Amino acid sequence: MMDPDVVISIRDLVKTFPDREGRDVKVLDGVSFDIRRGETLVIMGGSGCGKSTLLNCLIGEYRINGGSTLYRTSDMDAPVDIAGLTDADLDRVRLRFGILFQSGALFNSLSVAENVALPLREHTSVDPSVIDIIVTLKLQQVKMLPHRDKMPSQLSGGQKKRAGLARATALDPEILFYDEPSAGLDPVTSAAIDELMIDFSRKLSVTSIVVTHEMDSAFRIADRMVMLEKGRVLRIGTRQEFESLRDADPATLSTDEDRLLNQFLNGASSGPLTDRDGLSMFEKLLIEG
Amino acid sequence: MTEPSASGRSLAARGVIAVGRFVDGRVRGLRSFVAAFGALAELLGQTLRGCGPALLRKKSRLGRESLLDQMVRVGVRSIGIVVLVQIFIGIIIALQMAPTLQQYGQLERVADVVGIAVVRELGPLITAIVLSGFAGASIAAEIGSMVEGEEIKALRAHAMNPVRFLVVPRFLATVVMLTGLCVIADIVGVLGGMITAVLVLDIGAPVYIEFTRQALKFSDFYGGLVKAAVFGLTISMIACHEGFNVSGGAEGVGRATTSTVVKSIVALIAVDVVFTIIFYVFKI
């Protein structure tokens, strides 16, 4: 039975990909956790740990090989497992969430305003003049109104993400997914994007799922955090719990898991994540394929 | 148990392993060919199903307006190069055939040869080959860049079908414009032969036109147009399929464009063989 306060429930999620010899390799191996309505959950982990794969499974981009991904948005009477949905049914669930992609993923052939208007034009029967007003409001929210008629190629990285965020929120979603929202941005622009995310989360009561490995950003925006390692959940907890782990002296930590988390959260070059060759376990995983 | 080293194996064992690897490679190749063919057929099915909604819906700029954009890009911009190539083809056929026909005292028949060769065969085929390099590669590169830029993922995430938005306009534009270009190619090819006949072979223009008119049947003309439409379908499907399967950044996009041109040319000639057999059997 799914808790009514939970909007997404992931249970024993398995995702495999074939390697060069055609053998299945588990990228996600039994991932389970719940995402509560209105919270901001940060999914983090090193390169190759499976966090982007997890995001792709959550948005239905990848079909999972085992387990379940249950959604319960406000318009649903009962939880729906997106793993068993047809493309048409999956599209109906997708209308309840928005996604900010790493690059912004604006459609290059459309202007900023047309990008934001596109989901409204496609999925609503609202009058074009009303769509224009909604687009203006959405662009105002992300401080992109002066750039409404520009093409994506004329925008900076931060502006593309703002415009992408305006488009992601065009249909007033209940859930917002963010894929590496701070990647490639300077600290000031990154902080501004974080503020926008906090704004959306608090003022509009949107549930936010953020995939990132930018720790400053993660601690600014998170209510709860999930640490993935080798395709499994290493730890899930509140921001405060992760903050105390980050601030602890490694010598005082009793378990390998705590020491590993401490190293990751501090971005330290020495610790259980790094072997004697100076290679992190993530780098080794990538080298080994 | 450890595997013995290659040098430790007998000649017979190495031979069996080599044959096994060869057969395995061929089976894998055949399997991937069948899989690619199946994927193309599936894409074609989705595209045909998406044609109606894409044309009838007024909402999206990626719909009908996109079709016009694509028609300009695929067709209008290709006219110059198609005209140039087909004039050359007409000239080449006329000059190549003239000495042989002259031996039989049938020099005027050069008009028949040029007319039939261009209208039935070389008009649609050469135009399609030009278009596979001109438009097919560009379609693959454009869709491939959209894959890399997460635009395709964004379309799906916004519950929009990439096939309807991207493939349908390109498919319709390529089919319609290749058929139109084929008409131009036919006329220009015959014109190229006539220019050669008048300027080099001393055959008068009215004689050349009369021989061309007598040699060609209407079925030659529409048969060529049907071929052109199927060639357009082939190029657009291969280009879109290659574009959607891009991976590996800019290098992957480059691979997809090259692969589109190579696969399109092979597929066009294979399709042409099928048409030729059908036309031969049914005496079209």
# chains A, B, ... in the order shown; residues from 1 in each chain; ligands from 1
>>> residues_around(residues="B:Phe211", least_positions_apart="5", cutoff="8 Å", atoms="only C-alpha atoms", output="NGL selection string")
:B and (108-109 or 111-112)
>>> write_last_selection(atoms="C-alpha atoms", output="compact mmCIF listing (two decimals), in the first residue's frame")
# COMPACT_ATOMS: atom_id res chain seq x y z
CA GLU B 108 18.83 9.86 -84.91
CA ARG B 109 18.00 7.00 -82.55
CA ALA B 111 17.09 10.54 -79.00
CA ASP B 112 15.38 7.21 -78.21
>>> residues_around(residues="stretch 31-33 of chain A", least_positions_apart="6", cutoff="7 Å", atoms="only C-alpha atoms", output="list in words")
Ser9, Ile10, Arg11, Asp12, Leu13, Val14, Arg232 and Val233 of chain A
>>> interface_residues(of="chain B", to="chain A", cutoff="8 Å", atoms="only C-alpha atoms", output="VMD selection string")
chain B and resid 59 to 60 149 to 151 153 to 154 156 to 160
>>> closest_residue(among="B:Val262, B:Leu181, B:Ala215, B:Ile152", to="B:Met71", atoms="only C-alpha atoms")
B:Leu181
>>> residues_around(residues="A:Lys15", least_positions_apart="4", cutoff="9 Å", atoms="only C-alpha atoms", output="list in words")
Val25, Lys26, Val27, Leu28, Asp29, Gly30, Thr53, Leu54, Cys57, Tyr62, Arg63, Ile64, Asn65, Gly66 and Gly231 of chain A
>>> select_by_dssp(residues="stretch 65-247 of chain A", states="alpha helix (DSSP H)", output="PyMOL selection string")
chain A and resi 87-94+112-123+128-141+157-168+187-203+215-221+239-247
>>> residues_around(residues="A:Leu41", least_positions_apart="3", cutoff="6 Å", atoms="only C-alpha atoms", output="list in words")
Ile209, Ala222, Arg224 and Met225 of chain A
>>> write_last_selection(atoms="N, CA and C atoms", output="PDB file, in the first residue's frame")
ATOM      1  N   ILE A 209      12.975  16.505  -7.998  1.00  0.00           N
ATOM      2  CA  ILE A 209      13.980  15.439  -7.953  1.00  0.00           C
ATOM      3  C   ILE A 209      15.183  15.948  -8.730  1.00  0.00           C
ATOM      4  N   ALA A 222      18.405  20.812  -1.034  1.00  0.00           N
ATOM      5  CA  ALA A 222      17.805  19.516  -0.664  1.00  0.00           C
ATOM      6  C   ALA A 222      16.993  19.554   0.626  1.00  0.00           C
ATOM      7  N   ARG A 224      15.872  16.159   1.358  1.00  0.00           N
ATOM      8  CA  ARG A 224      16.473  14.855   1.636  1.00  0.00           C
ATOM      9  C   ARG A 224      17.464  14.540   0.525  1.00  0.00           C
ATOM     10  N   MET A 225      18.362  13.616   0.813  1.00  0.00           N
ATOM     11  CA  MET A 225      19.397  13.262  -0.158  1.00  0.00           C
ATOM     12  C   MET A 225      19.520  11.743  -0.268  1.00  0.00           C
TER      13      MET A 225
END
>>> residues_around(residues="B:Ala256", least_positions_apart="3", cutoff="10 Å", atoms="only C-alpha atoms", output="list in words")
Ala137, Ser138, Ile139, Ala140, Ala141, Ile143, Gly144, Ile238, Ala239, Cys240, His241, Glu242, Gly243, Phe244, Asn245, Val246, Ser247, Ala250, Glu251, Gly252, Val253, Ser259, Thr260, Val261 and Val262 of chain B
>>> atom_distance(atom1="atom CA of A:Phe264", atom2="atom CA of A:Asp186")
21.2 Å
>>> atom_distance(atom1="atom CA of A:Ser52", atom2="atom CA of B:Glu148")
15.0 Å
>>> residues_around(residues="A:Asp75", least_positions_apart="2", cutoff="12 Å", atoms="only C-alpha atoms", output="ChimeraX atom specification")
/A:7,71-73,77-80,92-93,95-96,173-174
>>> write_last_selection(atoms="N, CA and C atoms", output="short mmCIF file (atom, residue, chain, number, x, y, z; two decimals), in the first residue's frame")
data_model
loop_
_atom_site.label_atom_id
_atom_site.label_comp_id
_atom_site.auth_asym_id
_atom_site.auth_seq_id
_atom_site.Cartn_x
_atom_site.Cartn_y
_atom_site.Cartn_z
N VAL A 7 4.68 10.56 -3.61
CA VAL A 7 4.27 10.82 -4.99
C VAL A 7 4.93 9.84 -5.97
N TYR A 71 3.80 5.90 -9.58
CA TYR A 71 3.49 7.33 -9.51
C TYR A 71 2.11 7.49 -8.89
N ARG A 72 1.95 8.50 -8.06
CA ARG A 72 0.60 8.85 -7.61
C ARG A 72 0.48 10.37 -7.59
N THR A 73 0.06 10.92 -8.71
CA THR A 73 -0.14 12.37 -8.78
C THR A 73 -1.58 12.67 -8.35
N ASP A 77 -6.40 8.09 -9.04
CA ASP A 77 -7.12 7.46 -7.93
C ASP A 77 -6.25 6.42 -7.23
N ALA A 78 -5.43 5.77 -8.02
CA ALA A 78 -4.57 4.72 -7.46
C ALA A 78 -3.17 4.86 -8.07
N PRO A 79 -2.16 4.35 -7.38
CA PRO A 79 -0.80 4.44 -7.93
C PRO A 79 -0.70 3.72 -9.28
N VAL A 80 0.15 4.29 -10.15
CA VAL A 80 0.33 3.71 -11.49
C VAL A 80 1.80 3.36 -11.66
N ARG A 92 0.40 10.41 -20.72
CA ARG A 92 -0.55 11.06 -19.81
C ARG A 92 0.12 11.34 -18.46
N VAL A 93 0.98 10.41 -18.00
CA VAL A 93 1.71 10.64 -16.75
C VAL A 93 2.73 11.76 -16.96
N LEU A 95 2.56 14.32 -18.66
CA LEU A 95 1.97 15.66 -18.62
C LEU A 95 1.96 16.23 -17.21
N ARG A 96 2.15 15.36 -16.20
CA ARG A 96 2.13 15.82 -14.81
C ARG A 96 3.53 16.14 -14.31
N PRO A 173 3.46 21.58 -13.72
CA PRO A 173 3.60 20.18 -13.30
C PRO A 173 3.61 20.04 -11.78
N GLU A 174 3.30 18.83 -11.33
CA GLU A 174 3.39 18.53 -9.89
C GLU A 174 4.79 18.11 -9.50
#
>>> residues_around(residues="A:Leu145", least_positions_apart="4", cutoff="7 Å", atoms="only C-alpha atoms", output="CSV table (one decimal) with N, CA and C atoms, in the first residue's frame")
chain,number,residue,atom,x,y,z
A,136,THR,N,4.5,34.7,-21.1
A,136,THR,CA,5.1,35.9,-20.5
A,136,THR,C,5.3,35.7,-19.0
A,139,LEU,N,8.2,33.2,-18.4
A,139,LEU,CA,9.5,33.8,-18.7
A,139,LEU,C,9.8,34.8,-17.6
A,140,GLN,N,8.8,35.5,-17.1
A,140,GLN,CA,9.0,36.5,-16.1
A,140,GLN,C,9.5,35.8,-14.8
>>> closest_residue(among="B:Val27, B:Gln96, B:Ser32, B:Gly115", to="B:Glu210", atoms="only C-alpha atoms")
B:Gly115
>>> atom_distance(atom1="atom CA of A:Leu137", atom2="atom CA of A:Thr40")
23.4 Å
>>> select_by_dssp(residues="stretch 48-223 of chain A", states="strand (DSSP E or B)", output="list of chain:residue names")
A:Gly66, A:Gly67, A:Ser68, A:Thr69, A:Leu70, A:Tyr71, A:Val80, A:Asp81, A:Phe97, A:Gly98, A:Ile99, A:Leu100, A:Ile175, A:Leu176, A:Phe177, A:Tyr178, A:Asp179, A:Thr207, A:Ser208, A:Ile209, A:Val210, A:Val211
>>> closest_residue(among="B:Val118, B:Ile129, B:Leu216, B:Met237", to="B:Ile265", atoms="only C-alpha atoms")
B:Ile129
